[in-house]
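Data from structure.cif: mmCIF, C-alpha atoms
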data_protein
#
loop_
_atom_site.group_PDB
_atom_site.id
_atom_site.type_symbol
_atom_site.label_atom_id
_atom_site.label_comp_id
_atom_site.auth_asym_id
_atom_site.auth_seq_id
_atom_site.Cartn_x
_atom_site.Cartn_y
_atom_site.Cartn_z
ATOM 1 C CA MET A 111 106.835 25.865 -101.748
ATOM 2 C CA PRO A 112 104.656 28.123 -99.524
ATOM 3 C CA THR A 113 103.399 27.035 -96.122
ATOM 4 C CA LEU A 114 100.416 28.398 -94.200
ATOM 5 C CA LEU A 115 101.066 28.471 -90.443
ATOM 6 C CA LEU A 116 98.200 28.440 -87.934
ATOM 7 C CA GLN A 117 98.600 28.922 -84.195
ATOM 8 C CA LEU A 118 96.053 26.798 -82.320
ATOM 9 C CA LYS A 119 95.721 27.966 -78.714
ATOM 10 C CA GLY A 120 92.899 27.195 -76.333
ATOM 11 C CA PRO A 121 91.893 26.273 -72.790
ATOM 12 C CA LEU A 122 90.810 22.824 -74.082
ATOM 13 C CA GLN A 123 91.754 20.922 -77.233
ATOM 14 C CA SER A 124 91.036 17.365 -78.292
ATOM 15 C CA TRP A 125 92.543 15.635 -81.320
ATOM 16 C CA ALA A 126 91.205 12.076 -81.498
ATOM 17 C CA THR A 127 93.569 9.396 -82.743
ATOM 18 C CA GLU A 128 91.152 6.456 -82.592
ATOM 19 C CA ASP A 129 87.442 5.870 -83.036
ATOM 20 C CA GLY A 130 85.389 5.132 -79.975
ATOM 21 C CA TYR A 131 81.928 5.749 -78.611
ATOM 22 C CA THR A 132 82.449 5.287 -74.873
ATOM 23 C CA HIS A 133 86.067 6.489 -74.750
ATOM 24 C CA ARG A 134 87.214 9.421 -76.865
ATOM 25 C CA ASN A 135 90.929 9.957 -76.558
ATOM 26 C CA THR A 136 93.193 12.793 -77.614
ATOM 27 C CA GLY A 137 96.630 12.653 -79.165
ATOM 28 C CA SER A 138 99.443 14.870 -77.953
ATOM 29 C CA LEU A 139 99.433 16.872 -81.231
ATOM 30 C CA PRO A 140 96.737 18.115 -83.615
ATOM 31 C CA THR A 141 95.849 15.475 -86.210
ATOM 32 C CA LYS A 142 95.737 16.071 -89.943
ATOM 33 C CA SER A 143 92.131 14.851 -90.126
ATOM 34 C CA GLY A 144 91.125 17.212 -87.296
ATOM 35 C CA VAL A 145 92.796 20.231 -88.886
ATOM 36 C CA ILE A 146 91.408 19.378 -92.346
ATOM 37 C CA GLY A 147 87.928 19.113 -90.767
ATOM 38 C CA LEU A 148 88.442 22.492 -89.090
ATOM 39 C CA VAL A 149 89.532 24.015 -92.437
ATOM 40 C CA ALA A 150 86.658 22.402 -94.393
ATOM 41 C CA SER A 151 84.174 23.776 -91.857
ATOM 42 C CA ALA A 152 85.732 27.258 -92.031
ATOM 43 C CA LEU A 153 85.431 27.122 -95.835
ATOM 44 C CA GLY A 154 81.722 26.248 -95.487
ATOM 45 C CA ARG A 155 81.991 22.752 -96.918
ATOM 46 C CA ALA A 156 79.237 20.345 -95.907
ATOM 47 C CA ARG A 157 80.051 17.050 -94.204
ATOM 48 C CA GLY A 158 80.577 14.402 -96.873
ATOM 49 C CA SER A 159 81.608 16.915 -99.565
ATOM 50 C CA ASP A 160 84.785 16.472 -101.604
ATOM 51 C CA ILE A 161 87.866 17.453 -99.592
ATOM 52 C CA SER A 162 90.502 15.876 -101.836
ATOM 53 C CA ASP A 163 92.197 19.265 -102.378
ATOM 54 C CA LEU A 164 92.499 19.720 -98.598
ATOM 55 C CA ALA A 165 93.617 16.124 -97.998
ATOM 56 C CA ALA A 166 96.433 16.711 -100.525
ATOM 57 C CA LEU A 167 97.928 19.491 -98.361
ATOM 58 C CA ARG A 168 101.184 18.484 -96.708
ATOM 59 C CA PHE A 169 100.820 18.684 -92.907
ATOM 60 C CA GLY A 170 103.078 19.334 -89.931
ATOM 61 C CA ALA A 171 102.540 20.141 -86.254
ATOM 62 C CA GLN A 172 104.767 21.511 -83.518
ATOM 63 C CA PRO A 173 103.977 21.905 -79.806
ATOM 64 C CA VAL A 174 104.640 25.392 -78.431
ATOM 65 C CA HIS A 175 103.227 24.660 -74.972
ATOM 66 C CA THR A 176 101.460 21.473 -73.880
ATOM 67 C CA GLY A 177 99.400 21.476 -70.713
ATOM 68 C CA PRO A 178 98.121 18.544 -68.647
ATOM 69 C CA ARG A 179 95.422 16.115 -69.803
ATOM 70 C CA LEU A 180 91.882 16.261 -68.472
ATOM 71 C CA THR A 181 89.443 13.338 -68.496
ATOM 72 C CA ASP A 182 85.735 14.206 -68.475
ATOM 73 C CA PHE A 183 83.206 11.563 -67.385
ATOM 74 C CA GLN A 184 79.642 11.814 -68.737
ATOM 75 C CA THR A 185 76.564 9.774 -67.845
ATOM 76 C CA MET A 186 73.782 12.057 -69.093
ATOM 77 C CA GLY A 187 70.896 11.061 -71.334
ATOM 78 C CA ARG A 188 69.104 7.961 -72.467
ATOM 79 C CA ARG A 189 69.288 5.900 -75.617
ATOM 80 C CA ALA A 190 66.323 5.566 -78.010
ATOM 81 C CA ASP A 191 65.286 2.319 -76.271
ATOM 82 C CA GLY A 192 65.004 4.122 -72.910
ATOM 83 C CA LYS A 193 68.110 2.580 -71.340
ATOM 84 C CA PRO A 194 70.680 4.940 -69.829
ATOM 85 C CA ASN A 195 73.691 5.801 -71.917
ATOM 86 C CA PRO A 196 76.875 4.027 -70.860
ATOM 87 C CA LEU A 197 79.552 5.966 -69.003
ATOM 88 C CA GLU A 198 81.459 8.017 -71.557
ATOM 89 C CA THR A 199 84.940 9.482 -71.109
ATOM 90 C CA LYS A 200 86.502 12.241 -73.183
ATOM 91 C CA GLU A 201 90.115 13.345 -73.008
ATOM 92 C CA TYR A 202 91.314 16.916 -73.514
ATOM 93 C CA LEU A 203 94.610 18.798 -73.523
ATOM 94 C CA GLN A 204 94.453 21.836 -71.213
ATOM 95 C CA ASP A 205 96.016 25.239 -71.919
ATOM 96 C CA SER A 206 97.981 24.076 -74.943
ATOM 97 C CA THR A 207 99.378 25.914 -77.950
ATOM 98 C CA PHE A 208 100.449 24.343 -81.249
ATOM 99 C CA THR A 209 101.760 25.622 -84.554
ATOM 100 C CA VAL A 210 100.336 23.739 -87.518
ATOM 101 C CA GLY A 211 101.694 24.005 -91.054
ATOM 102 C CA LEU A 212 99.872 23.310 -94.331
ATOM 103 C CA GLU A 213 102.117 23.222 -97.403
ATOM 104 C CA SER A 214 100.942 23.450 -101.009
ATOM 105 C CA ASN A 215 102.018 24.876 -104.339
ATOM 106 C CA ASN A 216 98.429 26.211 -104.614
ATOM 107 C CA LEU A 217 98.996 29.669 -103.117
ATOM 108 C CA ARG A 218 95.399 30.689 -103.813
ATOM 109 C CA LEU A 219 94.049 27.793 -101.713
ATOM 110 C CA LEU A 220 96.391 28.647 -98.820
ATOM 111 C CA ARG A 221 95.302 32.301 -98.911
ATOM 112 C CA THR A 222 91.634 31.271 -99.016
ATOM 113 C CA ILE A 223 92.130 29.026 -95.977
ATOM 114 C CA GLY A 224 94.000 31.777 -94.095
ATOM 115 C CA ALA A 225 91.194 34.270 -94.752
ATOM 116 C CA ALA A 226 88.451 31.779 -93.762
ATOM 117 C CA ILE A 227 89.906 30.712 -90.402
ATOM 118 C CA GLN A 228 88.270 32.920 -87.770
ATOM 119 C CA HIS A 229 86.859 31.192 -84.684
ATOM 120 C CA PRO A 230 86.825 27.439 -85.236
ATOM 121 C CA TYR A 231 86.724 24.805 -82.520
ATOM 122 C CA LEU A 232 89.892 22.901 -81.627
ATOM 123 C CA GLY A 233 89.021 19.273 -82.259
ATOM 124 C CA ARG A 234 85.569 19.251 -80.626
ATOM 125 C CA ARG A 235 82.727 21.774 -80.527
ATOM 126 C CA ALA A 236 83.268 22.220 -76.780
ATOM 127 C CA CYS A 237 86.811 23.503 -77.470
ATOM 128 C CA PRO A 238 86.786 27.122 -78.686
ATOM 129 C CA PRO A 239 90.146 28.819 -79.255
ATOM 130 C CA ALA A 240 91.517 31.355 -76.768
ATOM 131 C CA GLY A 241 91.111 34.083 -79.390
ATOM 132 C CA PRO A 242 91.381 34.573 -83.136
ATOM 133 C CA ILE A 243 93.598 32.017 -84.869
ATOM 134 C CA ARG A 244 96.947 33.602 -85.720
ATOM 135 C CA VAL A 245 97.743 32.968 -89.375
ATOM 136 C CA GLY A 246 100.957 33.457 -91.320
ATOM 137 C CA LEU A 247 102.030 32.585 -94.859
ATOM 138 C CA VAL A 248 105.741 31.925 -95.395
ATOM 139 C CA ASP A 249 107.578 31.173 -98.613
ATOM 140 C CA LYS A 250 109.370 28.146 -97.180
ATOM 141 C CA PRO A 251 108.803 24.390 -97.306
ATOM 142 C CA LEU A 252 107.219 22.769 -94.269
ATOM 143 C CA GLU A 253 110.545 21.556 -92.833
ATOM 144 C CA GLN A 254 111.895 25.132 -92.704
ATOM 145 C CA ALA A 255 108.669 26.917 -91.693
ATOM 146 C CA PHE A 256 108.714 25.887 -88.020
ATOM 147 C CA LYS A 257 110.717 27.862 -85.450
ATOM 148 C CA GLY A 258 111.526 27.346 -81.773
ATOM 149 C CA LYS A 259 113.184 24.556 -79.864
ATOM 150 C CA GLU A 260 110.427 21.914 -79.861
ATOM 151 C CA GLN A 261 110.454 19.094 -82.395
ATOM 152 C CA ALA A 262 108.013 19.411 -85.272
ATOM 153 C CA HIS A 263 106.385 16.385 -86.875
ATOM 154 C CA VAL A 264 106.338 16.804 -90.655
ATOM 155 C CA GLU A 265 104.522 14.648 -93.200
ATOM 156 C CA THR A 266 106.850 12.687 -95.509
ATOM 157 C CA ILE A 267 106.448 9.765 -97.900
ATOM 158 C CA ASP A 268 109.180 7.729 -96.198
ATOM 159 C CA GLY A 269 108.511 8.779 -92.599
ATOM 160 C CA THR A 270 109.094 6.577 -89.580
ATOM 161 C CA GLU A 271 106.036 7.686 -87.532
ATOM 162 C CA ALA A 272 102.645 6.299 -88.639
ATOM 163 C CA HIS A 273 99.405 8.235 -88.049
ATOM 164 C CA TRP A 274 95.951 6.990 -89.114
ATOM 165 C CA ASP A 275 94.596 10.459 -89.842
ATOM 166 C CA GLN A 276 94.949 10.961 -93.612
ATOM 167 C CA PRO A 277 91.409 11.659 -94.905
ATOM 168 C CA ALA A 278 90.503 9.181 -97.674
ATOM 169 C CA ASN A 279 86.758 9.812 -97.969
ATOM 170 C CA ASN A 280 83.780 10.401 -95.666
ATOM 171 C CA ARG A 281 85.077 9.375 -92.201
ATOM 172 C CA VAL A 282 87.552 6.834 -93.610
ATOM 173 C CA PHE A 283 91.244 7.359 -92.944
ATOM 174 C CA GLN A 284 94.511 6.010 -94.316
ATOM 175 C CA ALA A 285 98.001 5.959 -92.877
ATOM 176 C CA ARG A 286 100.089 9.128 -93.069
ATOM 177 C CA TYR A 287 103.783 9.098 -92.258
ATOM 178 C CA SER A 288 105.934 11.774 -90.659
ATOM 179 C CA ASN A 289 109.393 12.408 -89.294
ATOM 180 C CA ALA A 290 110.355 14.476 -86.275
ATOM 181 C CA ILE A 291 112.586 17.413 -87.164
ATOM 182 C CA ASP A 292 114.492 19.757 -84.903
ATOM 183 C CA PRO A 293 113.924 23.404 -85.985
ATOM 184 C CA LEU A 294 116.911 24.650 -83.986
ATOM 185 C CA PHE A 295 119.175 22.133 -85.736
ATOM 186 C CA ASN A 296 117.752 23.264 -89.108
ATOM 187 C CA ALA A 297 118.409 26.925 -88.259
ATOM 188 C CA VAL A 298 122.021 26.153 -87.329
ATOM 189 C CA ALA A 299 122.472 24.103 -90.529
ATOM 190 C CA GLU A 300 121.076 27.002 -92.621
ATOM 191 C CA ALA A 301 123.445 29.464 -90.910
ATOM 192 C CA GLN A 302 126.403 27.145 -91.541
ATOM 193 C CA LYS A 303 125.501 26.936 -95.249
ATOM 194 C CA LYS A 304 125.655 30.738 -95.474
ATOM 195 C CA LEU A 305 129.155 30.735 -93.928
ATOM 196 C CA LYS A 306 130.614 28.330 -96.516
ATOM 197 C CA PRO A 307 132.471 30.035 -99.390
#

Representation of the structure as structure tokens:
Amino acid sequence: MPTLLLQLKGPLQSWATEDGYTHRNTGSLPTKSGVIGLVASALGRARGSDISDLAALRFGAQPVHTGPRLTDFQTMGRRADGKPNPLETKEYLQDSTFTVGLESNNLRLLRTIGAAIQHPYLGRRACPPAGPIRVGLVDKPLEQAFKGKEQAHVETIDGTEAHWDQPANNRVFQARYSNAIDPLFNAVAEAQKKLKP
């Protein structure tokens, strides 16, 4: 099954893992909901439109380089009733690079996504990428598409890691499960298979 690989690299990235008005956190990896939102925006889909075809994509993420976290404090503005806004904090990952994989048997959809991704933001509008998003299409399942020495986290039905970032409908999320895989171990296992008579 083909997998579309996207390299997400930027001076700041933020991939929220929980809802919050006064504190907006970031996870240590891109979230499926964040990447699906990025893809839907690149495809020109309006907020609230049907994204069931995108939500059905199988998702994986692998860190290439993870920088330190940054916390931004904001106190600007006033609410509609004239009172000052409460102190707001936002977390970001600095100077990070991730490889994200989207797997589907719908090759046309993957090609359309790859062509549409140009200059999105990386989790928040204040987070532009460092340059054009590098895109690659490989004819491998998600588990075999990742390279390098860092663990990749790949969506599975019976996974042991729970993430509340599977888009269900407009701003409602369900649990998604993944397992950590070791690409180097997979590469060695593939090489050993080729050596067997």

* To do: Write out as JSON, numbers by chain which residues come within 7 Å of Leu118 of chain A when counting all atoms listed in the file, dropping same-chain ones fewer than 4 positions away.
  => {"A": [207, 208, 209, 239, 243]}

* To do: Run the PyMOL selection byres ((chain A and resi 183) around 10) against the file shown and list the residues it catches, as a list of chain:residue names.
  =>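 So the PyMOL selection byres ((chain A and resi 183) around 10) ends up selecting A:Thr132, A:His133, A:Leu180, A:Thr181, A:Asp182, A:Gln184, A:Thr185, A:Met186, A:Leu197, A:Glu198, A:Thr199, A:Lys200, A:Glu201.
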
* Counting only C-alpha atoms, what is within 9 Å of Gln284 of chain A, bar same-chain residues fewer than 2 positions away, as a ChimeraX atom specification? -> /A:273-278,282,286

* To do: Go through A:Ser159, A:Asn135, A:Ser288, A:Asn216 and flag the residue nearest Glu265 of chain A, using all atoms listed in the file for the distances.
  =>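 For Glu265 of chain A, the nearest of the candidates is A:Ser288.
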
* Nearest to Asn215 of chain A: which of A:Leu116, A:Ala166, A:Arg235, A:Gly177 is it, counting all atoms listed in the file? ->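 Of all the options, A:Ala166 lies closest to Asn215 of chain A.
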
* To do: Take the PyMOL selection byres ((chain A and resi 137-150) around 6), apply it to the structure above, and return the hits as a list in words.
  =>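 For this structure, the PyMOL selection byres ((chain A and resi 137-150) around 6) resolves to Trp125, Ala126, Thr127, Thr136, Ser151, Ala152, Leu153, Arg155, Gly233, Asp275, Gln276 and Pro277 of chain A.
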
* To do: Counting only C-alpha atoms, write as a PyMOL selection string all protein and nucleic acid residues lying at most 12 Å from (96.5, 29.6, -101.6) in the file's frame.
  => chain A and resi 111-114+163-164+167+212-226+246-249
